[in-house]
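**Student:** Quick one: structure below, then a few questions.
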Amino acid sequence: MYDYDLIVIGAGPGGSAAALRAGKLGLKCAVVEAREPGGTCVNRGCVSTKTLLHSSQLYHDAANGGAAGIHMEALRADLPEIFQNKRRVAQILSQGVEAMLKAAKIPLLRGRARIEGPHRVSVDGAEVSAEHILIATGAAPVRLPLPGMDLPGVLTSEELLEGLDRLPKSLVVIGGGVIGIEFACFFSDLGVSVTILEGLDRLLPMLDRELGQNLGLILKKQGVQVLPNALVEGCEQTEGGLAVRYTVKGKPGEALGELVLVAVGRRAALDGLFAPGLEPERDGSILKVNDRFETSIPSVYAIGDAASQVQLAHMASAQGTAFAELLGGVKPQTDLSLVPSCVYCRPEIAVVGLTEAEAKARNIPVKVGKCVMGGNARVVIDEPGRCFMKVLARADTRELVGAQLMCPHAADSISQLSAAIANRRTPEELLLPMRPHPSFEESLTEALLDLQRKLDAAL
Ligand code: NAD
């Protein structure tokens with residue numbers, strides 16, 4: 001009756017995961033994509049940023065290898081080559097997504113999709129039908145509605161990722177969230193003078209207080225100017241460069257940069273997606289969905305950044321898989337309420353579950369175990385800056401409920417804590433395995449022992 005069981009709009013991490021899982025469950029699917037397969041993550045987001053950070057980390061290591069006996073003369077960062085490498089990596093991964101869809105015999109319909117009605121989608125004007133339609137169109141950077149934000153040189157992260165032909169001397173970053181921090185690290189490591197203007201009282205204000213405060217100190221030590229409580233009012237072109245005007249507690253100030261990066265959040269990418277008269281309910285800037293990912297339009301669903309408050313690639317993939325499983329009559333396996341989150345600064349940051357402040361706000365009695373990693377052998381060798389691990393457990397049941405890590409490879413180490421929290425493990429269960437020496441993860445044993453002592457003392 002319909003051309004397909006499921007049409008997915010968007011071949012990013014969410015859409016491709018949904019289509020691949022639905023295909024495995026026997027549904028006849030197609031994916032519509034207007035740009036490169038892989039979506040924001042591969043082409044204009046996480047992977048691209050991480051590739052740039054890989055280059056700047058290499059530069060930083062070479063430039064700072066003196067203490068370890070490595071001396072580099074004539075060190076040079078070639079920005080066009082760095083961006084070319086970013087495009088190379090994106091292309092490999094984008095082609096990988098395309099190949100996986102092809103291997104699963106899921107057609108990739110190239111063009112811009114518009115939802116014409118509950119079972120009808122047009123792709124560049126040609127109509128196809130499906131029993132179910134999934135919106136997985138992602139998000140796009142927010143532009144500040146302030147004077148001067150359309151000046152040449154005032155860029156969003158997506159515009160910046162298109163490439164620069166040379167390094168700017170200076171950069172002003174508006175927004176000390178994840179994107180702002182990662183770009184600040186990249187440019188600062190390559191010798192650019194960076195100023196971060198953050199509206200709230202610390203960097204990464206959405207995370208545990210100690211992480212943002214610690215990172216602020218580390219970046220300042222590296223020469224980055226960090227201005228919290230800075231309310232941006234506008235930008236103008238002056239002889240000295242782009243001047244971003246702001247106030248800090250009512251006191252006016254000005255930050256000068258050759259370029260300005262605006263990184264103040266992302267909003268659902270829904271422009272032109274619905275035929276006139278077809279307007280699903282929204283929740284702020286995102287689509288409103290229920291726990292089965294249903295929008296207010298019958299048989300139209302949404303996942304990922306288009307419909308989620310948590311805008312992360314792994315969240316979109318997990319939602320895409322869960323959506324396909326629900327559609328295919330299979331019980332979803334992943335706990336969508338427990339979302340690890342990582343910042344690829346130096347040292348890396350990774351968090352999962354509750355912070356102490358969140359537990360307090362919810363009246364959950366918790367104890368916090370902590371290890372400051374100054375004595376960890378790998379930290380002494382690598383000198384990544386002040387590192388620590390924090391783990392939280394309920395004071396009544398001893399179940400682990402949260403963790404915050406700031407150390408090299410934190411993004412890889414966090415999964416064992418996610419697994420422990422998802423399976424309601426106690427510190428004792430995580431203390432069973434031996435951890436290798438020397439390793440960053442040894443410090444987790446110390447943090448867990450500290451937590452155990454505090455839980456015992458509270459009995
Ligand atoms: P964000 O919400 O993480 O941070 C935006 C920051 O800008 C906030 O700290 C906010 O207080 C500040 N801000 C807002 N308006 C301001 C103003 N007028 N002046 C000064 N500061 C202002 O947003 P983002 O960094 O743009 O990232 C967007 C999304 O993408 C987030 O959900 C983020 O988690 C996700 N992302 C994740 C990763 C990762 O996981 N490593 C990487 C990139 C992006």
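Chain identifiers are assigned as A, B, and so on, following the order in which chains appear in the structure tokens; residues are numbered from 1 within each chain, and ligands are numbered from 1 in order of appearance.
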Taking only C-alpha atoms and all ligand atoms into account, report as a PDB file with C-alpha atoms, in the first residue's frame which residues have an atom no farther than 7 Å from an atom of ligand 1.

**Tutor:**
```
ATOM      1  CA  GLY A  45      30.346  18.649  14.366  1.00  0.00           C
ATOM      2  CA  CYS A  46      31.873  16.157  16.786  1.00  0.00           C
ATOM      3  CA  PRO A 141      23.778  26.778  15.476  1.00  0.00           C
ATOM      4  CA  LEU A 144      22.470  35.840  18.534  1.00  0.00           C
ATOM      5  CA  ILE A 174      30.975  33.964  22.711  1.00  0.00           C
ATOM      6  CA  GLY A 175      29.747  31.096  24.897  1.00  0.00           C
ATOM      7  CA  GLY A 176      31.849  28.969  27.251  1.00  0.00           C
ATOM      8  CA  GLY A 177      29.859  25.770  26.598  1.00  0.00           C
ATOM      9  CA  VAL A 178      31.146  22.623  24.915  1.00  0.00           C
ATOM     10  CA  ILE A 179      31.611  24.044  21.411  1.00  0.00           C
ATOM     11  CA  GLY A 180      33.186  27.283  22.663  1.00  0.00           C
ATOM     12  CA  LEU A 197      32.953  35.452  27.031  1.00  0.00           C
ATOM     13  CA  GLU A 198      30.547  33.319  29.074  1.00  0.00           C
ATOM     14  CA  GLY A 199      27.212  34.728  30.255  1.00  0.00           C
ATOM     15  CA  LEU A 200      27.004  32.590  33.392  1.00  0.00           C
ATOM     16  CA  LEU A 203      32.817  27.771  31.963  1.00  0.00           C
ATOM     17  CA  LEU A 204      30.695  24.699  31.192  1.00  0.00           C
ATOM     18  CA  PRO A 205      27.935  25.954  33.513  1.00  0.00           C
ATOM     19  CA  MET A 206      25.751  22.932  32.740  1.00  0.00           C
ATOM     20  CA  ALA A 230      29.942  38.538  30.513  1.00  0.00           C
ATOM     21  CA  LEU A 231      26.670  39.597  28.898  1.00  0.00           C
ATOM     22  CA  VAL A 232      27.312  40.273  25.230  1.00  0.00           C
ATOM     23  CA  ALA A 263      28.723  29.212  20.264  1.00  0.00           C
ATOM     24  CA  VAL A 264      25.598  29.809  22.325  1.00  0.00           C
ATOM     25  CA  GLY A 265      23.653  26.625  21.594  1.00  0.00           C
ATOM     26  CA  ARG A 266      21.908  24.858  18.729  1.00  0.00           C
ATOM     27  CA  VAL A 310      20.211  16.472  25.124  1.00  0.00           C
ATOM     28  CA  GLN A 311      21.945  17.231  21.822  1.00  0.00           C
ATOM     29  CA  LEU A 312      24.540  14.509  21.564  1.00  0.00           C
ATOM     30  CA  SER A 341      28.666  13.608  28.134  1.00  0.00           C
ATOM     31  CA  CYS A 342      32.237  14.489  27.195  1.00  0.00           C
ATOM     32  CA  VAL A 343      34.250  17.624  26.493  1.00  0.00           C
ATOM     33  CA  TYR A 344      37.401  17.090  24.433  1.00  0.00           C
TER      34      TYR A 344
END
```

**Student:** Residues of segment 36-206 of chain A in helix (DSSP H, G or I) according to DSSP, as a count of residues only?

**Tutor:** 69

**Student:** Name all residues at most 10 Å from Leu405 of chain A (count only C-alpha atoms; drop same-chain ones fewer than 2 positions away) and give them as a PyMOL selection string.

**Tutor:** chain A and resi 211+342+347-352+370-371+387-391+403+407-411+413-414+444

**Student:** For the structure I just gave you, how does DSSP split segment 36-158 of chain A - specifically, which residues are strand (DSSP E or B)? Reply as a ChimeraX atom specification.

**Tutor:** /A:108-110,113-117,120-123,126-135,139-141,154-156

**Student:** In terms of the shortest atom-to-atom distance over only C-alpha atoms, which of A:Gly385, A:Gly234, A:Gly402, A:Pro118 is closest to Ile297 of chain A?

**Tutor:**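 Once distances to Ile297 of chain A are computed over only C-alpha atoms, the minimum belongs to A:Pro118.
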
**Student:** What lies within 10 Å of Gln452 of chain A using only C-alpha atoms, ignoring chain neighbours under 3 positions off, as a JSON list (two decimals) with C-alpha atoms, in the first residue's frame?

**Tutor:**
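In the end it all went to around.json:
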```json
[["chain", "number", "residue", "atom", "x", "y", "z"],
["A", 367, "LYS", "CA", 28.19, 10.78, 49.41],
["A", 368, "VAL", "CA", 31.02, 11.83, 47.10],
["A", 369, "GLY", "CA", 34.35, 10.06, 46.79],
["A", 393, "ALA", "CA", 26.62, 6.93, 45.57],
["A", 398, "ARG", "CA", 25.10, 2.59, 48.31],
["A", 426, "THR", "CA", 27.90, -0.31, 44.56],
["A", 427, "PRO", "CA", 31.48, 0.90, 45.13],
["A", 428, "GLU", "CA", 32.31, -2.56, 46.48],
["A", 431, "LEU", "CA", 36.44, -2.30, 43.70],
["A", 446, "GLU", "CA", 41.24, 5.68, 45.06],
["A", 447, "ALA", "CA", 38.03, 7.65, 44.45],
["A", 448, "LEU", "CA", 35.92, 4.54, 45.15],
["A", 449, "LEU", "CA", 37.83, 3.83, 48.38],
["A", 455, "LEU", "CA", 29.46, 5.81, 53.10],
["A", 456, "ASP", "CA", 30.70, 3.72, 56.05],
["A", 457, "ALA", "CA", 31.12, 6.81, 58.22],
["A", 458, "ALA", "CA", 27.52, 7.81, 57.48]]
```

**Student:** What is the atom CA of Gly69 of chain A to atom CA of Leu167 of chain A distance in Å?

**Tutor:** 28.1 Å

**Student:** Ranking A:Gly148, A:Gly153, A:Cys29, A:Arg346 by minimum distance to Lys102 of chain A and counting only C-alpha atoms, which one comes first?

**Tutor:** A:Cys29

**Student:** At what distance in Å, to one decimal, does atom CA of Ser48 of chain A lie from atom CA of Gln91 of chain A?

**Tutor:**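 Here the two named atoms are 10.4 Å from each other.
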
**Student:** With only C-alpha atoms as the basis for distance, which of A:Met1, A:Leu215, A:Leu52, A:Ile196 is at the shortest distance from Arg88 of chain A?

**Tutor:**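 Answer, going by the shortest atom-to-atom distance: A:Leu52.
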
**Student:** May I have the residues within 7 Å of Gln225 of chain A as a list of chain:residue names, using only C-alpha atoms and disregarding those fewer than 3 positions away in the same chain?

**Tutor:** A:Val194, A:Thr195, A:Ile196, A:Lys220

**Student:** Ranking A:Asp382, A:Asp412, A:Asp450, A:Asp291 by minimum distance to Ala307 of chain A and counting only C-alpha atoms, which one comes first?

**Tutor:**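 Smallest distance to Ala307 of chain A is found for A:Asp291.
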
**Student:** Please determine, counting only C-alpha atoms, which residue among A:Val226, A:Val401, A:Leu327, A:Ala103 has the shortest atom-to-atom distance to Leu27 of chain A.

**Tutor:**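 The closest residue to Leu27 of chain A is A:Leu327.
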
**Student:** If you count only C-alpha atoms, which residues fall within 8 Å of Val42 of chain A, apart from same-chain ones fewer than 3 positions away, as a count of residues only?

**Tutor:** 10

**Student:** Quote the spacing between atom CA of Ile381 of chain A and atom CA of Ser439 of chain A in Å to one decimal place.

**Tutor:** 10.8 Å

**Student:** Can you list, as a PyMOL selection string, every protein, DNA or RNA residue that comes within 8 Å of Asp305 of chain A when you count only C-alpha atoms, leaving out same-chain residues fewer than 2 positions away?

**Tutor:** chain A and resi 136-139+267-268+286+303+307-312+316

**Student:** Between A:Leu190, A:Leu273, A:Val339, A:Ala422, which has the minimum distance to Ala34 of chain A (counting only C-alpha atoms)?

**Tutor:**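 Nearest to Ala34 of chain A: A:Leu273.
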